[in-house]
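Visitor: Here you go, this is protein.txt (compact mmCIF, C-alpha atoms and all ligand atoms).
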# COMPACT_ATOMS: atom_id res chain seq x y z
CA MET A 15 -12.19 19.03 19.31
CA ILE A 16 -8.42 19.05 19.75
CA THR A 17 -6.58 22.12 18.41
CA THR A 18 -3.08 22.62 16.98
CA LYS A 19 -2.27 24.54 20.20
CA LYS A 20 -3.23 21.50 22.29
CA ILE A 21 -1.23 19.20 19.99
CA LEU A 22 1.87 21.38 20.51
CA GLU A 23 1.28 21.38 24.27
CA MET A 24 1.10 17.56 24.32
CA LYS A 25 4.76 17.27 23.29
CA GLY A 26 6.75 15.60 26.03
CA LYS A 27 3.64 15.33 28.25
CA GLU A 28 1.22 12.89 26.64
CA PRO A 29 1.72 10.61 23.63
CA ILE A 30 -0.28 11.74 20.58
CA THR A 31 -2.37 9.08 18.84
CA MET A 32 -3.07 9.23 15.13
CA ILE A 33 -4.59 6.70 12.75
CA THR A 34 -5.66 6.79 9.13
CA ALA A 35 -9.37 6.96 8.39
CA TYR A 36 -10.61 6.76 4.83
CA ASP A 37 -14.38 6.53 5.02
CA TYR A 38 -17.49 6.85 7.21
CA PRO A 39 -17.13 3.62 9.25
CA THR A 40 -13.36 3.88 9.89
CA ALA A 41 -13.77 7.53 10.93
CA LYS A 42 -16.65 6.62 13.26
CA ILE A 43 -14.63 3.82 14.92
CA ALA A 44 -11.45 5.92 15.24
CA SER A 45 -13.23 8.88 16.80
CA GLU A 46 -15.32 6.69 19.13
CA ALA A 47 -12.03 5.10 20.29
CA GLY A 48 -10.81 8.57 21.23
CA ILE A 49 -7.91 8.81 18.79
CA ASP A 50 -6.45 12.36 18.84
CA LEU A 51 -5.88 12.88 15.09
CA LEU A 52 -7.45 11.26 12.03
CA LEU A 53 -5.36 11.23 8.86
CA VAL A 54 -7.08 10.83 5.53
CA GLY A 55 -3.85 9.45 4.13
CA ASP A 56 -3.08 9.02 0.46
CA SER A 57 -2.23 5.46 1.53
CA LEU A 58 -5.89 4.94 0.64
CA GLY A 59 -4.49 4.42 -2.86
CA ASN A 60 -2.83 1.20 -1.70
CA VAL A 61 -5.22 0.16 1.04
CA LEU A 62 -8.62 0.92 -0.53
CA LEU A 63 -8.01 1.26 -4.24
CA GLY A 64 -5.43 -1.50 -4.77
CA TYR A 65 -2.72 0.63 -6.41
CA ASP A 66 0.88 -0.42 -5.81
CA SER A 67 1.87 3.10 -4.78
CA THR A 68 0.25 6.40 -3.74
CA ILE A 69 1.20 8.08 -7.02
CA PRO A 70 -2.11 7.55 -8.89
CA VAL A 71 -4.18 9.13 -6.08
CA THR A 72 -5.93 12.33 -7.20
CA MET A 73 -7.30 15.42 -5.47
CA GLU A 74 -10.81 14.20 -6.36
CA ASP A 75 -10.14 10.89 -4.57
CA MET A 76 -8.87 12.73 -1.50
CA LEU A 77 -11.77 15.20 -1.37
CA MET A 78 -14.35 12.44 -1.59
CA HIS A 79 -12.71 10.53 1.27
CA ILE A 80 -12.25 13.65 3.44
CA ARG A 81 -15.99 14.40 3.10
CA ALA A 82 -16.86 10.83 4.12
CA VAL A 83 -14.49 10.94 7.11
CA ARG A 84 -15.99 14.26 8.24
CA ARG A 85 -19.48 12.72 8.08
CA GLY A 86 -18.29 9.77 10.20
CA ALA A 87 -16.42 11.94 12.72
CA PRO A 88 -18.08 15.36 12.97
CA ASP A 89 -15.94 16.44 15.96
CA ALA A 90 -12.58 14.95 15.02
CA PHE A 91 -9.39 16.79 14.05
CA ILE A 92 -8.95 15.64 10.45
CA ILE A 93 -5.73 15.96 8.45
CA GLY A 94 -5.98 15.75 4.67
CA ASP A 95 -2.96 14.30 2.87
CA MET A 96 -1.91 16.29 -0.22
CA PRO A 97 -1.61 13.74 -3.07
CA PHE A 98 1.22 13.52 -5.62
CA LEU A 99 1.37 16.60 -7.89
CA SER A 100 -1.15 18.60 -5.86
CA TYR A 101 1.58 20.84 -4.36
CA GLU A 102 4.72 20.36 -6.46
CA VAL A 103 3.79 22.27 -9.64
CA SER A 104 3.30 25.75 -8.18
CA ILE A 105 2.80 27.44 -4.85
CA GLU A 106 -0.54 28.89 -6.06
CA LYS A 107 -1.81 25.42 -6.95
CA ALA A 108 -0.63 24.09 -3.59
CA VAL A 109 -2.51 26.80 -1.66
CA GLU A 110 -5.62 26.26 -3.78
CA ASN A 111 -5.57 22.46 -3.28
CA ALA A 112 -4.91 22.80 0.45
CA GLY A 113 -7.90 25.15 0.60
CA LEU A 114 -10.10 22.61 -1.21
CA MET A 115 -9.21 20.05 1.45
CA MET A 116 -10.28 22.48 4.18
CA LYS A 117 -13.55 23.17 2.34
CA ALA A 118 -14.14 19.40 2.18
CA GLY A 119 -13.85 19.14 5.96
CA ALA A 120 -10.16 18.91 6.91
CA ASN A 121 -8.72 20.90 9.82
CA ALA A 122 -5.16 20.71 8.52
CA ILE A 123 -3.15 19.26 5.64
CA LYS A 124 -0.03 17.12 5.45
CA LEU A 125 2.58 17.15 2.71
CA GLU A 126 5.77 15.20 2.10
CA GLY A 127 9.20 16.84 1.94
CA GLY A 128 11.52 19.27 3.67
CA GLU A 129 13.58 22.29 2.64
CA GLU A 130 12.39 22.14 -0.99
CA TYR A 131 8.80 22.85 0.15
CA ALA A 132 9.57 25.45 2.83
CA GLU A 133 8.12 28.37 0.85
CA THR A 134 5.07 26.35 -0.22
CA ILE A 135 4.36 25.45 3.40
CA ARG A 136 4.86 29.06 4.50
CA ARG A 137 2.28 30.24 1.94
CA ILE A 138 -0.24 27.53 2.85
CA ILE A 139 0.07 28.51 6.52
CA SER A 140 -0.31 32.21 5.56
CA ALA A 141 -3.67 31.26 4.04
CA GLY A 142 -4.76 30.06 7.50
CA ILE A 143 -4.20 26.36 6.94
CA PRO A 144 -2.24 24.33 9.53
CA VAL A 145 0.43 22.08 8.00
CA MET A 146 1.86 18.79 9.21
CA GLY A 147 5.23 17.85 7.68
CA HIS A 148 6.36 14.38 6.61
CA LEU A 149 10.02 13.31 6.55
CA GLY A 150 12.04 10.10 6.35
CA PHE A 151 10.56 7.66 3.87
CA THR A 152 8.16 9.73 1.77
CA PRO A 153 6.00 7.30 -0.25
CA GLN A 154 5.35 9.71 -3.15
CA SER A 155 9.13 9.65 -3.84
CA VAL A 156 9.33 5.84 -3.76
CA ASN A 157 10.85 5.78 -7.25
CA LEU A 158 13.58 8.22 -6.27
CA LEU A 159 14.29 6.51 -2.96
CA GLY A 160 14.63 3.10 -4.61
CA GLY A 161 11.86 1.34 -2.70
CA HIS A 162 10.51 1.22 0.85
CA ARG A 163 13.80 1.92 2.58
CA VAL A 164 14.50 2.90 6.17
CA GLN A 165 15.94 6.43 6.20
CA GLY A 166 18.66 7.93 8.40
CA ARG A 167 21.12 5.08 8.06
CA THR A 168 23.92 7.15 6.47
CA PRO A 169 25.44 10.36 7.91
CA GLU A 170 24.05 12.30 4.89
CA SER A 171 20.54 10.93 5.33
CA ARG A 172 20.63 11.61 9.11
CA ALA A 173 21.87 15.17 8.51
CA LYS A 174 19.15 15.82 5.92
CA ILE A 175 16.35 14.62 8.25
CA LEU A 176 17.72 16.76 11.10
CA LYS A 177 18.07 19.84 8.88
CA ASP A 178 14.65 19.41 7.26
CA SER A 179 12.92 18.95 10.62
CA LYS A 180 14.41 22.23 11.86
CA ILE A 181 13.25 23.99 8.68
CA LEU A 182 9.72 22.58 9.00
CA GLU A 183 9.62 23.81 12.59
CA GLU A 184 10.85 27.27 11.53
CA VAL A 185 8.28 27.67 8.74
CA GLY A 186 5.48 26.87 11.19
CA CYS A 187 4.43 23.22 10.84
CA PHE A 188 2.50 22.10 13.92
CA ALA A 189 3.88 18.52 13.82
CA ILE A 190 6.00 16.23 11.67
CA VAL A 191 5.40 12.62 10.65
CA LEU A 192 8.62 10.57 10.65
CA GLU A 193 8.19 7.47 8.51
CA LEU A 194 10.63 4.53 8.47
CA VAL A 195 13.40 6.34 10.29
CA VAL A 196 16.19 4.74 12.36
CA GLU A 197 15.11 5.02 16.01
CA SER A 198 18.19 6.96 17.17
CA VAL A 199 17.68 9.59 14.44
CA ALA A 200 13.95 9.95 15.24
CA LYS A 201 14.93 10.42 18.90
CA GLU A 202 17.48 13.10 17.98
CA VAL A 203 14.92 14.94 15.85
CA THR A 204 12.31 14.73 18.62
CA GLU A 205 14.76 16.21 21.14
CA ASN A 206 15.95 18.88 18.73
CA ILE A 207 12.63 20.54 17.83
CA LYS A 208 9.75 22.04 19.81
CA ILE A 209 6.96 20.65 17.62
CA PRO A 210 5.76 17.05 18.07
CA THR A 211 7.06 14.17 15.96
CA ILE A 212 4.61 11.43 15.07
CA GLY A 213 6.31 8.21 14.09
CA ILE A 214 5.43 5.28 11.87
CA GLY A 215 8.29 2.81 11.86
CA ALA A 216 10.38 5.44 13.65
CA GLY A 217 10.70 3.79 17.05
CA ARG A 218 9.77 4.51 20.62
CA TYR A 219 10.91 8.08 21.20
CA CYS A 220 8.59 10.09 18.95
CA ASP A 221 5.95 12.30 20.58
CA GLY A 222 3.19 10.25 19.01
CA GLN A 223 2.48 7.28 16.78
CA VAL A 224 0.48 6.82 13.60
CA LEU A 225 -0.60 3.57 11.96
CA VAL A 226 -2.79 2.65 9.03
CA PHE A 227 -6.28 1.68 10.25
CA HIS A 228 -6.37 -1.52 8.20
CA ASP A 229 -3.00 -2.67 9.63
CA VAL A 230 -4.23 -2.09 13.20
CA VAL A 231 -7.42 -4.12 12.71
CA GLY A 232 -5.78 -6.77 10.52
CA LEU A 233 -7.77 -6.05 7.40
CA THR A 234 -4.67 -6.25 5.23
CA THR A 235 -2.69 -9.41 4.66
CA LEU A 236 0.63 -7.55 5.01
CA ASN A 237 3.05 -8.39 7.81
CA LEU A 238 4.87 -5.16 8.57
CA LYS A 239 7.68 -5.15 11.14
CA PHE A 240 6.79 -1.71 12.47
CA ALA A 241 3.01 -2.20 12.72
CA LYS A 242 0.95 -4.16 15.23
CA LYS A 243 -2.17 -6.12 14.35
CA TYR A 244 -4.67 -5.82 17.21
CA ALA A 245 -7.36 -7.96 15.56
CA ASP A 246 -7.77 -10.33 12.63
CA THR A 247 -10.74 -8.75 10.89
CA TYR A 248 -9.70 -10.09 7.46
CA ASN A 249 -10.40 -13.64 8.60
CA ILE A 250 -13.44 -12.62 10.65
CA MET A 251 -14.95 -11.02 7.53
CA LEU A 252 -13.89 -13.88 5.26
CA ASN A 253 -15.55 -16.42 7.55
CA ALA A 254 -18.73 -14.33 7.79
CA VAL A 255 -19.03 -14.08 4.01
CA LYS A 256 -18.27 -17.81 3.57
CA GLN A 257 -20.96 -18.66 6.12
CA TYR A 258 -23.48 -16.40 4.33
CA LYS A 259 -22.70 -18.13 1.04
CA GLU A 260 -23.09 -21.57 2.62
CA GLU A 261 -26.42 -20.65 4.20
CA VAL A 262 -27.85 -19.33 0.93
CA LYS A 263 -26.68 -22.45 -0.92
CA SER A 264 -28.13 -24.73 1.76
CA LYS A 265 -31.34 -22.65 1.97
CA THR A 266 -30.88 -22.01 5.72
CA PHE A 267 -30.86 -18.24 5.07
CA PRO A 268 -33.30 -16.52 5.03
CA SER A 269 -35.11 -18.36 7.81
CA GLU A 270 -38.52 -17.53 9.23
CA THR A 271 -36.99 -14.81 11.48
CA HIS A 272 -35.99 -12.84 8.35
CA ILE A 273 -39.31 -12.77 6.51
CA PHE A 274 -42.21 -10.27 6.37
CA GLU A 275 -45.82 -11.43 6.77
O1 LIG B 301 -0.83 8.20 3.78
C1 LIG B 301 -0.57 7.79 4.92
O2 LIG B 301 -1.22 6.90 5.47
C2 LIG B 301 0.55 8.40 5.61
C3 LIG B 301 1.00 7.75 6.89
C4 LIG B 301 1.87 6.61 6.57
C5 LIG B 301 1.63 8.70 7.81
O3 LIG B 301 1.11 9.33 5.16
Translate this file's structure into C-alpha cells.
Guide:
Amino acid sequence: MITTKKILEMKGKEPITMITAYDYPTAKIASEAGIDLLLVGDSLGNVLLGYDSTIPVTMEDMLMHIRAVRRGAPDAFIIGDMPFLSYEVSIEKAVENAGLMMKAGANAIKLEGGEEYAETIRRIISAGIPVMGHLGFTPQSVNLLGGHRVQGRTPESRAKILKDSKILEEVGCFAIVLELVVESVAKEVTENIKIPTIGIGAGRYCDGQVLVFHDVVGLTTLNLKFAKKYADTYNIMLNAVKQYKEEVKSKTFPSETHIFE
C-alpha cells in the first residue's frame, strides 16, 4: 500500500492519481486499475444519494461507505472526507470524528478550509491521523461562495489560496486538493509548497488529479468542463435494463439455459 511518505516523494516526479470510491464495486474497480488514492468523498451525497449539495451528508453515511470501500479495496490508501459539521463545532469533536473514520478503515482524512482550521488540523495530526487539505471551491461552503464558482480570479481570492496552502503545508497536511481554481493560481501554489497538490478543475500543473468515479465512467448525466468521460455506462446500463424488461415481457427470458431441472 502507498504511504504518505511515498505520496510526498511523488511530487514533481510522478503524477498522483486519485478517484472517488463510494462502495464495494467502485473501490474494487479503482484499486484493480491501480489508482494511487481512493477518496470516499462527501460528493456521495450528490452522486449516490441525490442531494443537491453535500451539506446533508452525515458521519453515519460516511462511515458506512468507508467500510464498504475498505471491503472492496483491502490494500488501497483510503481517504475519508469529513462531512459538514463533523469538524467545525469543536476541535475535540473533529479529532473524535476523524478517529471514527480511521476505525472504519480510512488511512487519512480530508477536510475543507484553510487558516481557520489550522489548529483543528494540527490536533488531528497529533492524534496520528494524516490530513489532506482542500482549498479553492469548497462544496460545503457553496452557500457562502454563491454557487459553484471558479476560485482565484480576483487578487484577494488568489492571495487567500496562496496563504492557506502555505498554512496547510506548515501544519503538516500531506497533500492539498485544489478544486475549481484558475490554472495559473494552481500552478503558483504547486510551485510554492513542498507537499503535492491534487487538482479537480485546477488545470494541468497540479502534482496529481482527482475526479469523481461516476463522471469518469459516464454514470452521471452531467457535462462538466473540467471532467472527462471515458465511457458511457449510463446508456450501457439503461440499454441492459431495457433489454431485460423487453425479454421478460416477450417471455424470451428466462430461456432453457436459465432453468434448473
Ligand atoms: O467529495 C469529493 O468528491 C471531493 C472531491 C471533489 C475532491 O471532495
Visitor: Give me, as a ChimeraX atom specification, all polymer residues having an atom no more than 10 Å from Glu202 (chain A), counting only C-alpha atoms and skipping those fewer than 6 positions away in the same chain.
Guide: /A:172,175-176,219-220
Visitor: For a test of reading the model, state the distance in Å between CA of Gly127 (chain A) and CA of Gly64 (chain A), rounded to one decimal.
Guide: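 Interatomic distance, CA of Gly127 (chain A) to CA of Gly64 (chain A): 24.4 Å.
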Visitor: Taking all atoms listed in the file into account, report as number ranges by chain which residues have an atom no farther than 10 Å from an atom of ligand LIG 301 (chain B).
Guide: A: 32-36, 53-61, 68, 94-97, 124-126, 147-149, 151-154, 190-194, 212-215, 223-227
Visitor: Using Å and a single decimal, report how far CA of Ala189 (chain A) sits from CA of Asn206 (chain A).
Guide: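 Atom-to-atom, CA of Asn206 (chain A) and CA of Ala189 (chain A) are spaced 13.0 Å apart.
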Visitor: Take CA of Glu130 (chain A) and CA of Glu183 (chain A) and report the distance between them in Å, one decimal.
Guide: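 CA of Glu130 (chain A) sits 14.0 Å away from CA of Glu183 (chain A).
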Visitor: Using all atoms listed in the file, can you list as JSON, numbers by chain the residues within 8 Å of (-7.3, -2.7, 12.8)?
Guide: {"A": [226, 227, 228, 229, 230, 231, 232, 233, 243, 244, 245, 246, 247]}
Visitor: Would you mind telling me which residue in A:Phe274, A:Tyr131, A:Phe98, A:Phe240 lies nearest to Met76 (chain A) when using all atoms listed in the file?
Guide: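 Ranked by minimum distance to Met76 (chain A), first place goes to A:Phe98.
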Visitor: Would you please work out which residue, of A:Ala132, A:Ala216, A:Val156, A:Val262, is nearest to Lys180 (chain A) when using all atoms listed in the file?
Guide: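 Closest to Lys180 (chain A) of all the choices is A:Ala132.
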Visitor: Give the padded box for region 176-192 of chain A as lines of an AutoDock Vina configuration file: axis-aligned, covering all atoms listed in the file, 5 Å on each side, centre and edge lengths in Å to one decimal.
Guide:
center_x = 10.3
center_y = 19.1
center_z = 10.6
size_x = 25.6
size_y = 27.1
size_z = 16.7
